[in-house]
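> Let me begin by handing over the structure; questions about it come next.
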2 protein chains.
Amino acid sequence: MTYCVGMMLDIGLVFMSDTRTNAGLDNISTFKKMTNWESPGERAITLMSSGNLATTQAVVSLLDERTRAHDDRDPSILAVPSMFQAARLVADTMREVITQHAEAGQQADSAFGATLILGGQIKGGPPRLFMIYPEGNFIEASADTPFFQIGETKYGRPILVRAYDPQMSFKEAMKLLLVSFDSTVKANLSVGAPFDFHLYEKDTMKIETTGRIEPEAPYFQLISQGWGDALKNALDSLPDFSLE
Amino acid sequence: MTYCVGMMLDIGLVFMSDTRTNAGLDNISTFKKMTNWESPGERAITLMSSGNLATTQAVVSLLDERTRAHDDRDPSILAVPSMFQAARLVADTMREVITQHAEAGQQADSAFGATLILGGQIKGGPPRLFMIYPEGNFIEASADTPFFQIGETKYGRPILVRAYDPQMSFKEAMKLLLVSFDSTVKANLSVGAPFDFHLYEKDTMKIETTGRIEPEAPYFQLISQGWGDALKNALDSLPDFSLE
């Protein structure tokens with residue numbers, strides 16, 4: 001499993017992904033699930049993936065390769081004119097990869113599936129955020145649905161639903177996401193730290209603020225331990241049920 | 001889907017269940033998923049169910065019937081000597097029901113499955129809490145795993161994990177459970193109010209404090225609305241992430 005969140009804020013886009021992949025409980029590895037492409041000052045694009053690791057790595061490798069040697073038939077993610085076209089390109093690339101494996105004799109082709117979150121900004125357009133399904137179709141975030149989660153989404157969802165605010169600062173958004181990730185990690189072994197993040201500031205068209213939160217990082221420890229107490233205080237602040 | 005929680009406290013047992021059943025999104029009904037049996041001063045037993053409604057209703061009906069006319073082959077839940085034997089009886093009854101349907105030609109017999117939470121106390125023993133699987137085997141709650149959830153368990157789990165305390169009062173436990181149920185209801189249409197509850201006070205062997213929380217009940221509204229603010233305050237109480 002996996003847990004990734006992409007979020008639209010007034011000030012830009014926020015991305016966070018875990019790094020655990022597993023094929024069975026005894027076959028666990030760490031892989032980065034976030035990829036960035038940029039042409040500084042002109043475009044900045046981030047992709048996060050959940051699902052079959054071979055599929056998502058092939059998609060990223062193909063997209064990467066085509067930024068170096070692309071022709072008309074295979075446009076590059078650094079050349080497409082809009083974020084919508086970028087989402088189409090990524091979706092088509094994924095379909096291509098999955099079809100290839102299916103043709104090679106795979107029976108249950110859903111096993112090769114992957115779900116992606118794509119976000120970023122290309123000069124001339126606003127920041128946009130998409131969720132791309134294994135079938136190759138996709139939906140876009142809006143004011144009504146301002147964030148997407150993929151992978152093991154349920155444990156970390158209630159806090160996002162309750163505390164998300166489009167006017168958040170990046171610092172507040174990081175705090176919120178780390179609480180959501182911590183709740184998930186505490187409940188599901190298939191999601192694990194470290195967590196990669198990218199904070200994209202609107203209209204910069206640059207990948208500037210990225211990083212990795214290690215499980216032993218003091219701030220994450222503070223959040224992880226402090227959240228339990230904060231929740232208990234929150235519960236205490238509500239009136240008790242009356243049995244009369 | 002369904003959401004039920006059974007919880008062991010130092011002062012007794014707490015049970016809460018939702019009441020929504022659905023066969024498709026356009027076929028929604030309200031059913032009580034909690035059943036109580038008592039022989040006042042001697043035993044008090046509570047059963048909650050998730051899964052196939054026909055199966056769980058048949059199990060409850062059979063158990064009920066056998067409290068009225070039981071023989072040695074079919075012991076009654078009001079006659080078994082211990083909670084462990086009660087759990088075995090319920091599990092065997094469920095297996096009987098599922099097998100019957102399977103013999104009648106059902107192909108995918110898992111579709112008739114149900115998962116149950118059984119708890120209570122029989123004179124001479126302590127209060128005990130069990131989770132019974134569709135296969136008819138079961139596990140018992142302990143200090144390490146002091147509560148069981150069945151149905152749509154994920155959304156409401158983080159708050160239980162963080163805030164559960166065996167020394168809670170019934171009033172605090174009700175508050176905690178309503179927050180957990182509210183988080184679930186807000187995320188999943190297949191779980192819905194009203195919620196039934198039973199607060200069993202240790203060593204009373206009586207079903208005394210039971211009730212139903214309607215969605216428009218003022219206290220539930222207070223919790224549902226207050227929890228969003230309380231969570232935001234909890235988040236605010238933690239230090240912001242530092243970008244330096």
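Labeling convention for the structure tokens: chains A, B, ... as they appear, residues from 1 per chain, ligands from 1 in order of appearance.
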I need the residues of segment 40-210 of chain A that end up classed as helix (DSSP H, G or I) by DSSP on the backbone, written out as a count of residues only.

66

> So that I can see what lies close to Ile159 of chain A, please list as a ChimeraX atom specification the residues with an atom at most 10 Å from it, counting only C-alpha atoms and leaving out residues fewer than 5 positions away in the same chain.

/A:164,176-177,179-180,183 /B:155,158-159,183,228,231-232,235

> Closest to Ile98 of chain A among A:Gly211, A:Pro218, A:Gly51, A:Gly151, using only C-alpha atoms?

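Using only C-alpha atoms, Ile98 of chain A sits closest to A:Gly51.
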
> Would you list the contacts of segment 61-65 of chain B as a short mmCIF file (atom, residue, chain, number, x, y, z; two decimals) with all heavy atoms, in the first residue's frame, taking every protein, DNA or RNA residue within 7 Å and counting only C-alpha atoms, but skipping same-chain residues closer than 4 positions in sequence?


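As a result, selection_18.cif now contains:
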```
data_model
loop_
_atom_site.label_atom_id
_atom_site.label_comp_id
_atom_site.auth_asym_id
_atom_site.auth_seq_id
_atom_site.Cartn_x
_atom_site.Cartn_y
_atom_site.Cartn_z
N GLN B 57 -29.89 -11.69 11.14
CA GLN B 57 -31.24 -11.78 11.70
C GLN B 57 -31.61 -13.23 12.01
O GLN B 57 -32.24 -13.52 13.03
CB GLN B 57 -32.26 -11.16 10.74
CG GLN B 57 -32.18 -9.65 10.72
CD GLN B 57 -33.42 -9.00 10.12
OE1 GLN B 57 -34.18 -9.66 9.42
NE2 GLN B 57 -33.60 -7.73 10.40
N ALA B 69 -37.60 -22.46 23.96
CA ALA B 69 -37.76 -23.92 23.95
C ALA B 69 -36.43 -24.55 23.57
O ALA B 69 -36.14 -24.76 22.40
CB ALA B 69 -38.83 -24.32 22.93
N SER B 76 -29.43 -22.92 25.25
CA SER B 76 -29.93 -21.55 25.16
C SER B 76 -28.86 -20.58 25.64
O SER B 76 -28.07 -20.88 26.53
CB SER B 76 -31.17 -21.41 26.03
OG SER B 76 -31.31 -20.08 26.45
N ILE B 77 -28.86 -19.39 25.04
CA ILE B 77 -27.89 -18.37 25.45
C ILE B 77 -28.18 -17.92 26.89
O ILE B 77 -27.30 -17.36 27.55
CB ILE B 77 -27.90 -17.19 24.46
CG1 ILE B 77 -26.66 -16.33 24.67
CG2 ILE B 77 -29.18 -16.37 24.56
CD1 ILE B 77 -26.25 -15.52 23.48
#
```

> Considering only C-alpha atoms, return as a ChimeraX atom specification whatever protein or nucleic-acid residues lie within 8 Å of Gly113 of chain B, sequence-local ones (same chain, fewer than 4 positions apart) excluded.

/B:51-52,55,98,109,134-135

> So that I can check the surroundings of Ala234 of chain A, please list as a list in words every protein, DNA and RNA residue that reaches within 8 Å of it, counting only C-alpha atoms and ignoring chain neighbours fewer than 5 positions away.

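Near neighbours after the sequence-gap exclusion: Trp227, Ala230, Leu231, Asn233 and Ala234 of chain B.
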
> Got time to write the residues from that selection, N, CA, C and O atoms, as a compact mmCIF listing (two decimals), in the first residue's frame?


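Final output, saved to out31.txt:
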```txt
# COMPACT_ATOMS: atom_id res chain seq x y z
N TRP B 227 -16.63 19.09 17.32
CA TRP B 227 -15.41 18.31 17.11
C TRP B 227 -14.51 18.94 16.05
O TRP B 227 -13.29 18.91 16.15
N ALA B 230 -12.76 21.67 17.79
CA ALA B 230 -11.83 21.11 18.77
C ALA B 230 -10.59 20.56 18.08
O ALA B 230 -9.46 20.72 18.55
N LEU B 231 -10.80 19.93 16.91
CA LEU B 231 -9.66 19.38 16.16
C LEU B 231 -8.76 20.49 15.66
O LEU B 231 -7.54 20.39 15.68
N ASN B 233 -8.39 23.42 16.98
CA ASN B 233 -7.64 23.93 18.12
C ASN B 233 -6.51 22.99 18.50
O ASN B 233 -5.41 23.44 18.86
N ALA B 234 -6.78 21.68 18.43
CA ALA B 234 -5.74 20.69 18.75
C ALA B 234 -4.56 20.86 17.81
O ALA B 234 -3.40 20.85 18.22
```

> Pick out the closest residue to chain B from this set: A:Ala217, A:Ile28, A:Ala163, A:Val185. Count only C-alpha atoms.

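Of A:Ala217, A:Ile28, A:Ala163, A:Val185, the one nearest chain B, counting only C-alpha atoms, is A:Ala163.
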
> Using atom CA of Leu222 of chain B and atom CA of Asp182 of chain B as the two end points, give the distance in Å to one decimal.

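Those two atoms sit 11.1 Å apart.
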
> I'd like the contact shell of segment 9-22 of chain B - 7 Å cut-off, only C-alpha atoms, skipping same-chain residues fewer than 5 positions apart - returned as a ChimeraX atom specification.

/B:1-4,27-34,48,127,166-168,190-202
